[in-house]
Amino acid sequence: MNNETRIRRINRFIETLNQARGLGLIAREAGEDYLVMELPYNEQLIGNPETGAMHSGAITTLMDTASGSVMMCALEDLELCPTLDLRVDYMRPAEAGKAVLARAETYRVTRNIIFTRCEAYHEGGKTIANCVGTFMRVGKEATPKSYRKLITGEAE
Amino acid sequence: MINPETLRYTQQTGDFGPMLESIPYAGWIGLQCDRFGDDLIFRLPKKDSNLGNPILPAIHGGVIGGFMELSAAIYLVMAQDTLRLPRIVDFSLDYLRAGLNRETYAECRLTRQGNRVSNVMVLAWQKSREEPIATARAHFLLDG
């Protein structure tokens, strides 16, 4: 699987998630074990009206989506992996008017569990938040075949 | 931060409308809050735009996280005399069950109140409190 295929799969996948589509999440870059996802700035997501900073919950959704999609880079077959847990450390608030990027990677893939880490930041800026997550492998059969085909593009 | 007058009004009346209206993200996910005596119950009404998993379908895990984070922050404002929303330091979230496409509830508990940092537990459920969909723990910085 090449990186273009990875990005296409991830963007088809997040297109099926209402909340991710609403946020305008988009995969910008991908490799064997990582991806970079972007959350465009949106005034509707403001958590602090005084500064215009987007709420940490929107950043959490970005990081959860990036971490929950990055296994599609590492696994040849498409299998959706439910989140077991997430731990997010907030270093500093996001700045108003700027998109937030999240770089997620799988740092350990086992038969049952996938371990991820993710960093959120502004382009060229300091870390906004760090996140580690664990995801359970429930097997590709747990995902309906029609959905797998939709994401891998075989349906086209 | 949110207008201190709005926070004071909310503390005194238990009417969360003006405060929630001043936080766009609360409206984005549809967070509601009700006060029963001293108890607060946070609600996330069924909303298709909050869905993540399209197969079940289930609420996006990030939305459940955002709902619990914001609930904890509002809970702290109400539990204290402070007139600012506290700043979140970290958030640890365990997903226990899929959050189905229905109304979700959350309640918070102040585990430890220090001079500068608070530790808050959050429990989220749907059908029954006995079957939580997620539990979370958060630290907040108060003199933000």
# chains A, B, ... in the order shown; residues from 1 in each chain; ligands from 1
$ interface_residues --of "chain A" --to "chain B" --cutoff "8 Å" --atoms "only C-alpha atoms" --output "ChimeraX atom specification"
/A:16-20,22,43-51,54-58,60-65,83-91
$ residues_around --residues "Ala79 in chain B" --least-positions-apart "2" --cutoff "12 Å" --atoms "only C-alpha atoms" --output "short mmCIF file (atom, residue, chain, number, x, y, z; two decimals) with C-alpha atoms, in the first residue's frame"
data_model
loop_
_atom_site.label_atom_id
_atom_site.label_comp_id
_atom_site.auth_asym_id
_atom_site.auth_seq_id
_atom_site.Cartn_x
_atom_site.Cartn_y
_atom_site.Cartn_z
CA LEU B 7 -20.92 32.96 35.63
CA THR B 10 -25.46 30.98 36.56
CA GLN B 11 -24.16 30.25 40.07
CA GLN B 12 -27.01 32.21 41.64
CA GLY B 14 -28.99 27.69 38.14
CA ARG B 35 -29.45 21.58 38.45
CA ASP B 38 -26.83 20.91 44.64
CA ASP B 39 -26.55 18.21 41.98
CA LEU B 40 -25.76 18.89 38.35
CA ALA B 72 -16.19 18.94 34.31
CA ALA B 73 -15.22 22.58 33.73
CA ILE B 74 -18.78 23.84 34.26
CA TYR B 75 -19.15 21.62 37.31
CA LEU B 76 -16.03 23.20 38.84
CA VAL B 77 -17.32 26.73 38.27
CA ASP B 81 -16.79 30.70 44.10
CA THR B 82 -14.43 31.37 41.23
CA LEU B 83 -15.76 33.43 38.35
CA ARG B 84 -13.58 31.99 35.62
CA LEU B 85 -13.72 28.76 33.71
CA PRO B 86 -10.78 26.64 34.89
CA CYS B 108 -19.01 14.92 38.02
CA ARG B 109 -17.38 14.52 41.39
CA LEU B 110 -14.66 16.67 42.92
CA THR B 111 -12.07 14.13 44.05
CA GLN B 113 -9.49 20.36 45.60
CA SER B 118 -8.54 20.29 41.06
CA VAL B 120 -12.49 15.80 38.89
#
$ residues_around --residues "Gly153 in chain A" --least-positions-apart "4" --cutoff "10 Å" --atoms "only C-alpha atoms" --output "list in words"
Thr5, Arg8, Arg9, Arg12, Tyr147, Arg148 and Lys149 of chain A
